[in-house]
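model.pdb, holding PDB, C-alpha atoms:
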ATOM      1  CA  MET A  25      31.389  -4.787 -27.874  1.00  0.00           C
ATOM      2  CA  VAL A  26      27.956  -3.948 -29.281  1.00  0.00           C
ATOM      3  CA  ILE A  27      26.854  -7.582 -29.030  1.00  0.00           C
ATOM      4  CA  LEU A  28      28.160  -7.827 -25.464  1.00  0.00           C
ATOM      5  CA  ALA A  29      26.390  -4.601 -24.501  1.00  0.00           C
ATOM      6  CA  GLN A  30      23.104  -5.829 -25.983  1.00  0.00           C
ATOM      7  CA  ALA A  31      23.441  -9.153 -24.175  1.00  0.00           C
ATOM      8  CA  ALA A  32      24.162  -7.385 -20.890  1.00  0.00           C
ATOM      9  CA  THR A  33      21.154  -5.090 -21.366  1.00  0.00           C
ATOM     10  CA  LEU A  34      18.898  -8.060 -22.128  1.00  0.00           C
ATOM     11  CA  SER A  35      20.159  -9.885 -19.039  1.00  0.00           C
ATOM     12  CA  ILE A  36      19.470  -6.862 -16.827  1.00  0.00           C
ATOM     13  CA  GLN A  37      15.961  -6.429 -18.246  1.00  0.00           C
ATOM     14  CA  THR A  38      15.205 -10.114 -17.707  1.00  0.00           C
ATOM     15  CA  TRP A  39      16.483  -9.918 -14.132  1.00  0.00           C
ATOM     16  CA  GLU A  40      14.404  -6.789 -13.429  1.00  0.00           C
ATOM     17  CA  LYS A  41      11.252  -8.440 -14.782  1.00  0.00           C
ATOM     18  CA  GLY A  42      11.885 -11.533 -12.703  1.00  0.00           C
ATOM     19  CA  THR A  43      12.503  -9.467  -9.568  1.00  0.00           C
ATOM     20  CA  ALA A  44       9.352  -7.397 -10.144  1.00  0.00           C
ATOM     21  CA  SER A  45       7.282 -10.539 -10.714  1.00  0.00           C
ATOM     22  CA  GLN A  46       8.670 -12.106  -7.549  1.00  0.00           C
ATOM     23  CA  PHE A  47       7.820  -8.967  -5.560  1.00  0.00           C
ATOM     24  CA  VAL A  48       4.245  -8.968  -6.892  1.00  0.00           C
ATOM     25  CA  ASN A  49       3.834 -12.628  -5.963  1.00  0.00           C
ATOM     26  CA  GLN A  50       5.157 -12.041  -2.452  1.00  0.00           C
ATOM     27  CA  GLN A  51       2.980  -8.961  -1.975  1.00  0.00           C
ATOM     28  CA  THR A  52      -0.130 -10.827  -3.133  1.00  0.00           C
ATOM     29  CA  SER A  53       0.703 -13.788  -0.903  1.00  0.00           C
ATOM     30  CA  VAL A  54       1.003 -11.594   2.196  1.00  0.00           C
ATOM     31  CA  VAL A  55      -2.315  -9.843   1.512  1.00  0.00           C
ATOM     32  CA  THR A  56      -4.293 -12.993   0.703  1.00  0.00           C
ATOM     33  CA  ASP A  57      -2.890 -14.762   3.762  1.00  0.00           C
ATOM     34  CA  MET A  58      -4.007 -11.863   5.947  1.00  0.00           C
ATOM     35  CA  ILE A  59      -7.510 -11.886   4.431  1.00  0.00           C
ATOM     36  CA  SER A  60      -7.718 -15.642   4.944  1.00  0.00           C
ATOM     37  CA  GLN A  61      -6.731 -15.421   8.615  1.00  0.00           C
ATOM     38  CA  GLN A  62      -9.190 -12.639   9.321  1.00  0.00           C
ATOM     39  CA  LEU A  63     -12.122 -14.359   7.610  1.00  0.00           C
ATOM     40  CA  ARG A  64     -11.374 -17.612   9.424  1.00  0.00           C
ATOM     41  CA  SER A  65     -11.572 -15.617  12.655  1.00  0.00           C
ATOM     42  CA  ALA A  66     -14.777 -13.768  11.747  1.00  0.00           C
ATOM     43  CA  TYR A  67     -16.845 -13.171  14.888  1.00  0.00           C
ATOM     44  CA  PRO A  68     -20.683 -13.329  14.881  1.00  0.00           C
ATOM     45  CA  LEU A  69     -21.224  -9.992  16.625  1.00  0.00           C
ATOM     46  CA  GLN A  70     -24.843  -8.841  16.815  1.00  0.00           C
ATOM     47  CA  ILE A  71     -25.891  -5.202  17.103  1.00  0.00           C
ATOM     48  CA  PRO A  72     -29.336  -3.699  17.733  1.00  0.00           C
ATOM     49  CA  ILE A  73     -31.244  -2.478  14.703  1.00  0.00           C
ATOM     50  CA  THR A  74     -31.905   1.256  14.579  1.00  0.00           C
ATOM     51  CA  ASN A  75     -35.434   2.102  13.452  1.00  0.00           C
ATOM     52  CA  ASP A  76     -36.536   5.112  11.423  1.00  0.00           C
ATOM     53  CA  ALA A  77     -37.005   7.156  14.605  1.00  0.00           C
ATOM     54  CA  GLY A  78     -33.343   6.679  15.508  1.00  0.00           C
ATOM     55  CA  THR A  79     -33.940   4.473  18.528  1.00  0.00           C
ATOM     56  CA  LYS A  80     -32.588   0.952  19.041  1.00  0.00           C
ATOM     57  CA  ASP A  81     -34.594  -2.101  19.974  1.00  0.00           C
ATOM     58  CA  LEU A  82     -32.248  -4.376  21.955  1.00  0.00           C
ATOM     59  CA  SER A  83     -34.551  -7.354  21.394  1.00  0.00           C
ATOM     60  CA  LYS A  84     -34.008  -7.206  17.625  1.00  0.00           C
ATOM     61  CA  LYS A  85     -30.433  -7.587  16.459  1.00  0.00           C
ATOM     62  CA  ILE A  86     -28.540  -8.333  13.277  1.00  0.00           C
ATOM     63  CA  LEU A  87     -25.166  -9.956  12.671  1.00  0.00           C
ATOM     64  CA  VAL A  88     -22.447  -7.620  11.413  1.00  0.00           C
ATOM     65  CA  PHE A  89     -21.578  -9.153   8.046  1.00  0.00           C
ATOM     66  CA  ASP A  90     -22.050  -7.637   4.607  1.00  0.00           C
ATOM     67  CA  GLY A  91     -20.865  -9.806   1.740  1.00  0.00           C
ATOM     68  CA  GLY A  92     -20.788  -8.538  -1.835  1.00  0.00           C
ATOM     69  CA  SER A  93     -19.185  -9.802  -5.024  1.00  0.00           C
ATOM     70  CA  GLU A  94     -16.338  -7.253  -4.791  1.00  0.00           C
ATOM     71  CA  SER A  95     -16.439  -6.320  -1.105  1.00  0.00           C
ATOM     72  CA  VAL A  96     -16.900  -7.823   2.323  1.00  0.00           C
ATOM     73  CA  ALA A  97     -17.382  -6.325   5.798  1.00  0.00           C
ATOM     74  CA  PHE A  98     -17.137  -8.354   8.986  1.00  0.00           C
ATOM     75  CA  VAL A  99     -15.971  -8.352  12.597  1.00  0.00           C
ATOM     76  CA  THR A 100     -12.794 -10.284  13.358  1.00  0.00           C
ATOM     77  CA  THR A 101     -10.602 -11.148  16.309  1.00  0.00           C
ATOM     78  CA  LYS A 102      -7.488 -10.542  14.154  1.00  0.00           C
ATOM     79  CA  PRO A 103      -7.034  -6.797  13.542  1.00  0.00           C
ATOM     80  CA  LEU A 104      -5.213  -5.433  10.517  1.00  0.00           C
ATOM     81  CA  GLY A 105      -1.543  -4.749  11.216  1.00  0.00           C
ATOM     82  CA  ILE A 106      -2.112  -3.953  14.892  1.00  0.00           C
ATOM     83  CA  ASP A 107      -1.451  -7.254  16.612  1.00  0.00           C
ATOM     84  CA  ASN A 108      -0.756  -5.546  19.920  1.00  0.00           C
ATOM     85  CA  GLN A 109      -4.295  -4.139  20.077  1.00  0.00           C
ATOM     86  CA  ALA A 110      -6.735  -6.630  21.545  1.00  0.00           C
ATOM     87  CA  GLY A 111     -10.467  -6.866  21.053  1.00  0.00           C
ATOM     88  CA  LEU A 112     -12.847  -7.088  18.139  1.00  0.00           C
ATOM     89  CA  HIS A 113     -12.419  -5.015  14.984  1.00  0.00           C
ATOM     90  CA  LEU A 114     -14.615  -4.199  12.015  1.00  0.00           C
ATOM     91  CA  VAL A 115     -12.748  -4.875   8.762  1.00  0.00           C
ATOM     92  CA  VAL A 116     -13.923  -3.930   5.276  1.00  0.00           C
ATOM     93  CA  TYR A 117     -12.229  -5.012   2.043  1.00  0.00           C
ATOM     94  CA  TYR A 118     -13.334  -3.392  -1.201  1.00  0.00           C
ATOM     95  CA  LEU A 119     -12.147  -2.365  -4.655  1.00  0.00           C
ATOM     96  CA  GLU A 120     -11.557   1.292  -5.446  1.00  0.00           C
ATOM     97  CA  HIS A 121     -11.702   1.710  -9.212  1.00  0.00           C
ATOM     98  CA  GLU A 122      -8.978   3.882 -10.693  1.00  0.00           C
ATOM     99  CA  LYS A 123     -10.154   6.653 -12.993  1.00  0.00           C
ATOM    100  CA  ASP A 124      -9.452   6.134 -16.713  1.00  0.00           C
ATOM    101  CA  SER A 125      -7.985   2.707 -16.024  1.00  0.00           C
ATOM    102  CA  SER A 126      -9.119  -0.891 -16.187  1.00  0.00           C
ATOM    103  CA  THR A 127      -7.444  -1.713 -12.867  1.00  0.00           C
ATOM    104  CA  SER A 128      -8.433  -1.027  -9.269  1.00  0.00           C
ATOM    105  CA  HIS A 129      -6.909  -0.653  -5.821  1.00  0.00           C
ATOM    106  CA  LEU A 130      -7.661  -3.144  -3.056  1.00  0.00           C
ATOM    107  CA  ILE A 131      -8.529  -1.107   0.041  1.00  0.00           C
ATOM    108  CA  ALA A 132      -8.817  -2.291   3.641  1.00  0.00           C
ATOM    109  CA  ALA A 133     -10.589  -0.183   6.266  1.00  0.00           C
ATOM    110  CA  TYR A 134     -10.715  -1.107   9.922  1.00  0.00           C
ATOM    111  CA  ARG A 135     -11.642   0.206  13.373  1.00  0.00           C
ATOM    112  CA  SER A 136     -12.345  -1.129  16.837  1.00  0.00           C
ATOM    113  CA  VAL A 137     -15.942  -2.084  17.567  1.00  0.00           C
ATOM    114  CA  TYR A 138     -15.657   0.035  20.710  1.00  0.00           C
ATOM    115  CA  HIS A 139     -15.679   3.098  18.482  1.00  0.00           C
ATOM    116  CA  ARG A 140     -19.004   4.889  18.942  1.00  0.00           C
ATOM    117  CA  GLN A 141     -21.357   3.817  16.126  1.00  0.00           C
ATOM    118  CA  PHE A 142     -18.548   1.761  14.625  1.00  0.00           C
ATOM    119  CA  TYR A 143     -20.802   0.281  11.940  1.00  0.00           C
ATOM    120  CA  GLU A 144     -22.766   3.393  10.968  1.00  0.00           C
ATOM    121  CA  THR A 145     -19.974   5.991  10.815  1.00  0.00           C
ATOM    122  CA  PRO A 146     -18.070   6.342   7.491  1.00  0.00           C
ATOM    123  CA  PHE A 147     -14.374   5.477   7.577  1.00  0.00           C
ATOM    124  CA  THR A 148     -11.813   8.263   7.635  1.00  0.00           C
ATOM    125  CA  ASP A 149      -8.730   8.335   5.406  1.00  0.00           C
ATOM    126  CA  GLU A 150      -6.599   7.409   8.435  1.00  0.00           C
ATOM    127  CA  GLU A 151      -8.633   4.212   8.858  1.00  0.00           C
ATOM    128  CA  LYS A 152      -8.063   3.099   5.252  1.00  0.00           C
ATOM    129  CA  THR A 153      -5.036   1.284   3.843  1.00  0.00           C
ATOM    130  CA  ARG A 154      -4.227   0.580   0.199  1.00  0.00           C
ATOM    131  CA  LEU A 155      -3.051  -3.017   0.103  1.00  0.00           C
ATOM    132  CA  LEU A 156      -2.635  -3.671  -3.622  1.00  0.00           C
ATOM    133  CA  SER A 157      -2.662  -1.695  -6.849  1.00  0.00           C
ATOM    134  CA  GLU A 158      -3.191  -3.003 -10.373  1.00  0.00           C
ATOM    135  CA  VAL A 159      -5.986  -5.329  -9.288  1.00  0.00           C
ATOM    136  CA  THR A 160      -7.675  -6.483 -12.485  1.00  0.00           C
ATOM    137  CA  SER A 161     -10.296  -8.717 -10.879  1.00  0.00           C
ATOM    138  CA  MET A 162     -11.652  -9.660  -7.462  1.00  0.00           C
ATOM    139  CA  LYS A 163     -14.625 -11.922  -6.876  1.00  0.00           C
ATOM    140  CA  MET A 164     -16.119 -13.368  -3.705  1.00  0.00           C
ATOM    141  CA  GLU A 165     -18.726 -16.092  -3.189  1.00  0.00           C
ATOM    142  CA  TYR A 166     -20.388 -17.312  -0.013  1.00  0.00           C
ATOM    143  CA  TYR A 167     -21.322 -20.865   0.936  1.00  0.00           C
ATOM    144  CA  ASP A 168     -24.523 -21.730   2.764  1.00  0.00           C
ATOM    145  CA  GLY A 169     -23.919 -24.882   4.763  1.00  0.00           C
ATOM    146  CA  GLU A 170     -27.640 -25.589   5.210  1.00  0.00           C
ATOM    147  CA  SER A 171     -28.638 -25.513   1.545  1.00  0.00           C
ATOM    148  CA  GLY A 172     -25.238 -26.507   0.128  1.00  0.00           C
ATOM    149  CA  MET A 173     -25.399 -23.567  -2.307  1.00  0.00           C
ATOM    150  CA  TRP A 174     -22.939 -20.813  -3.251  1.00  0.00           C
ATOM    151  CA  PHE A 175     -24.244 -17.223  -3.380  1.00  0.00           C
ATOM    152  CA  PRO A 176     -22.698 -14.143  -5.055  1.00  0.00           C
ATOM    153  CA  GLU A 177     -23.872 -12.040  -2.087  1.00  0.00           C
ATOM    154  CA  TRP A 178     -24.510 -12.677   1.586  1.00  0.00           C
ATOM    155  CA  ILE A 179     -27.199 -10.300   2.802  1.00  0.00           C
ATOM    156  CA  MET A 180     -27.964 -10.319   6.505  1.00  0.00           C
ATOM    157  CA  LYS A 181     -31.605 -10.579   7.530  1.00  0.00           C
ATOM    158  CA  ASP A 182     -33.389  -7.750   9.284  1.00  0.00           C
ATOM    159  CA  PRO A 183     -35.516  -9.615  11.874  1.00  0.00           C
ATOM    160  CA  THR A 184     -38.121  -6.842  11.760  1.00  0.00           C
ATOM    161  CA  GLN A 185     -38.915  -7.696   8.118  1.00  0.00           C
ATOM    162  CA  PRO A 186     -40.588 -11.042   7.228  1.00  0.00           C
ATOM    163  CA  LEU A 187     -39.308 -13.136   4.343  1.00  0.00           C
ATOM    164  CA  PRO A 188     -41.705 -13.755   1.424  1.00  0.00           C
ATOM    165  CA  SER A 189     -40.530 -17.354   1.106  1.00  0.00           C
ATOM    166  CA  GLU A 190     -37.855 -19.686   2.434  1.00  0.00           C
ATOM    167  CA  ASP A 191     -37.282 -21.394  -0.927  1.00  0.00           C
ATOM    168  CA  PRO A 192     -34.102 -19.971  -2.561  1.00  0.00           C
ATOM    169  CA  SER A 193     -35.130 -21.366  -5.964  1.00  0.00           C
ATOM    170  CA  GLU A 194     -38.049 -18.919  -6.118  1.00  0.00           C
ATOM    171  CA  HIS A 195     -35.766 -15.882  -6.016  1.00  0.00           C
ATOM    172  CA  LEU A 196     -33.267 -14.533  -8.495  1.00  0.00           C
ATOM    173  CA  ALA A 197     -31.489 -12.644  -5.722  1.00  0.00           C
ATOM    174  CA  PRO A 198     -30.010 -14.417  -2.681  1.00  0.00           C
ATOM    175  CA  LEU A 199     -32.262 -14.663   0.344  1.00  0.00           C
ATOM    176  CA  PRO A 200     -31.216 -12.705   3.439  1.00  0.00           C
ATOM    177  CA  LYS A 201     -29.281 -14.727   5.984  1.00  0.00           C
ATOM    178  CA  THR A 202     -29.322 -14.963   9.776  1.00  0.00           C
ATOM    179  CA  THR A 203     -25.885 -16.546  10.308  1.00  0.00           C
ATOM    180  CA  LEU A 204     -22.382 -16.175   8.926  1.00  0.00           C
ATOM    181  CA  PRO A 205     -21.524 -18.126   5.769  1.00  0.00           C
ATOM    182  CA  ALA A 206     -19.844 -21.484   6.273  1.00  0.00           C
ATOM    183  CA  ALA A 207     -17.074 -20.551   3.827  1.00  0.00           C
ATOM    184  CA  VAL A 208     -15.938 -17.809   1.449  1.00  0.00           C
ATOM    185  CA  LYS A 209     -14.452 -18.388  -2.002  1.00  0.00           C
ATOM    186  CA  PHE A 210     -11.943 -15.653  -2.849  1.00  0.00           C
ATOM    187  CA  HIS A 211     -10.562 -14.940  -6.342  1.00  0.00           C
ATOM    188  CA  LEU A 212      -7.974 -12.211  -7.035  1.00  0.00           C
ATOM    189  CA  GLU A 213      -5.975 -11.177 -10.107  1.00  0.00           C
ATOM    190  CA  HIS A 214      -3.229  -8.672  -9.381  1.00  0.00           C
ATOM    191  CA  GLY A 215      -0.279  -7.234 -11.263  1.00  0.00           C
ATOM    192  CA  PRO A 216       0.467  -6.327 -14.884  1.00  0.00           C
ATOM    193  CA  GLN A 217      -2.347  -7.232 -17.265  1.00  0.00           C
ATOM    194  CA  THR A 218       0.112  -9.081 -19.480  1.00  0.00           C
ATOM    195  CA  SER A 219       1.082 -11.479 -16.669  1.00  0.00           C
ATOM    196  CA  PRO A 220      -1.226 -11.083 -13.641  1.00  0.00           C
ATOM    197  CA  THR A 221      -0.788 -13.089 -10.454  1.00  0.00           C
ATOM    198  CA  LEU A 222      -3.822 -15.314  -9.814  1.00  0.00           C
ATOM    199  CA  SER A 223      -4.851 -16.211  -6.262  1.00  0.00           C
ATOM    200  CA  GLU A 224      -7.790 -18.420  -5.358  1.00  0.00           C
ATOM    201  CA  MET A 225      -8.712 -19.483  -1.836  1.00  0.00           C
ATOM    202  CA  LEU A 226     -11.478 -21.432  -0.139  1.00  0.00           C
ATOM    203  CA  ILE A 227     -11.731 -19.999   3.376  1.00  0.00           C
ATOM    204  CA  PRO A 228     -13.826 -21.789   6.027  1.00  0.00           C
ATOM    205  CA  ILE A 229     -15.386 -19.607   8.719  1.00  0.00           C
ATOM    206  CA  ILE A 230     -15.139 -21.214  12.138  1.00  0.00           C
ATOM    207  CA  ALA A 231     -17.914 -19.297  13.917  1.00  0.00           C
ATOM    208  CA  GLN A 232     -21.373 -19.503  12.372  1.00  0.00           C
ATOM    209  CA  GLY A 233     -23.427 -17.322  14.695  1.00  0.00           C
ATOM    210  CA  LYS A 234     -26.883 -18.021  16.024  1.00  0.00           C
ATOM    211  CA  ASP A 235     -30.382 -17.390  14.790  1.00  0.00           C
ATOM    212  CA  ASP A 236     -32.465 -14.453  15.954  1.00  0.00           C
ATOM    213  CA  LYS A 237     -34.291 -16.473  18.619  1.00  0.00           C
ATOM    214  CA  LYS A 238     -31.004 -16.887  20.478  1.00  0.00           C
ATOM    215  CA  ALA A 239     -29.793 -13.321  19.997  1.00  0.00           C
ATOM    216  CA  ALA A 240     -30.154 -12.560  23.680  1.00  0.00           C
ATOM    217  CA  SER A 241     -27.299 -14.952  24.456  1.00  0.00           C
ATOM    218  CA  GLN A 242     -24.878 -13.064  22.163  1.00  0.00           C
ATOM    219  CA  PRO A 243     -22.572 -10.379  23.596  1.00  0.00           C
ATOM    220  CA  GLU A 244     -23.465  -6.873  22.594  1.00  0.00           C
ATOM    221  CA  ILE A 245     -21.710  -3.525  22.269  1.00  0.00           C
ATOM    222  CA  ASP A 246     -22.802  -0.649  24.463  1.00  0.00           C
ATOM    223  CA  ASP A 247     -22.458   2.488  22.329  1.00  0.00           C
ATOM    224  CA  ASP A 248     -23.207   4.737  25.293  1.00  0.00           C
ATOM    225  CA  ASP A 249     -20.161   3.651  27.310  1.00  0.00           C
ATOM    226  CA  ASP A 250     -16.941   5.025  25.852  1.00  0.00           C
ATOM    227  CA  ASP A 251     -14.867   3.599  28.722  1.00  0.00           C
ATOM    228  CA  ASP A 252     -15.824  -0.027  28.147  1.00  0.00           C
ATOM    229  CA  ASP A 253     -12.560  -1.604  27.021  1.00  0.00           C
ATOM    230  CA  ASP A 254     -13.366  -5.212  27.905  1.00  0.00           C
ATOM    231  CA  ASP A 255     -13.520  -7.856  25.198  1.00  0.00           C
ATOM    232  CA  ASP A 256     -16.894  -9.330  24.303  1.00  0.00           C
TER     233      ASP A 256
END
Starting from the file, give its structure as structure tokens.
Amino acid sequence: MVILAQAATLSIQTWEKGTASQFVNQQTSVVTDMISQQLRSAYPLQIPITNDAGTKDLSKKILVFDGGSESVAFVTTKPLGIDNQAGLHLVVYYLEHEKDSSTSHLIAAYRSVYHRQFYETPFTDEEKTRLLSEVTSMKMEYYDGESGMWFPEWIMKDPTQPLPSEDPSEHLAPLPKTTLPAAVKFHLEHGPQTSPTLSEMLIPIIAQGKDDKKAASQPEIDDDDDDDDDDD
């Protein structure tokens, strides 16, 4: 009876571990698939740059894209979990480090671009969603189709500030960019540290955007009109 009880206990524990591992894999798959779809549908929205005096110069615009090694912010045509809501949305993915722990939470924040000052206003708790816990590692890289190089960051260029040089080899830090990256490399480790689930994706971005000389042809958001519900 003791042997049978021990065997039954071992079988249950093995089944529970297998079920938990399967759940983690499914959860990670859903999240990474969503990130992939949204990045593929990244939209090259340009917004006017606000100067130190608080005014906006409509002739000088910058693409809404902020790519870091552990975070990315961009505008997409595929909103997060609100398929019935049309229009463009700002989406931000980032890691929130857990106190006294080696793991982090993967957080997604989103809002419509028709929100007044959608890019400048901090996100509220209602606009944030915890997608995954026990994230041990997340890394993002950005591909420049012109130079054929991968960068750990993708910094958008402020057209009011000149570049010191156009040669990337002369700089330790990535040069600012004027268009969206051609692709994003996404690496994620999630789950128990003893057996984490590893996900790696190479995500092409369909829209590339245009340089600053053609900014006038890009649609823009009118922050002063709260009733403008039309798509760009």
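With distances taken over all atoms listed in the file, A:Met164 is the one residue among A:Met164, A:Leu222, A:Leu63, A:Ile229 lying closest to Lys209 (chain A).
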Please provide the set of residues having any atom within 12 Å of Thr218 (chain A), restricted to all atoms listed in the file, with same-chain residues fewer than 2 positions apart removed, written as number ranges by chain.
A: 45, 158, 160, 213-216, 220-221
Given the file shown, determine the residues that the PyMOL selection byres ((chain A and resi 133) around 12) selects; report them as a ChimeraX atom specification.
/A:95-99,103-105,113-120,130-132,134-136,142-143,146-155
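The space between CA of Lys84 (chain A) and CA of Thr100 (chain A) spans 21.9 Å.
Here CA of Lys102 (chain A) and CA of Thr127 (chain A) stand 28.4 Å from one another.
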Under the PyMOL selection byres ((chain A and resi 91-93) around 8), which residues of this model are included? Write them out as JSON, numbers by chain.
{"A": [89, 90, 94, 95, 96, 97, 162, 163, 164, 165, 166, 176, 177, 178, 179]}
Could you give me the axis-aligned bounding box of region 57-67 of chain A, with 6 Å of padding per side, as centre plus edge lengths in Å to one decimal, as JSON?
{"center_x": -9.9, "center_y": -14.7, "center_z": 9.3, "size_x": 26.0, "size_y": 17.7, "size_z": 23.1}
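The two atoms in question, CA of Pro72 (chain A) and CA of Ile86 (chain A), are spaced 6.5 Å apart.
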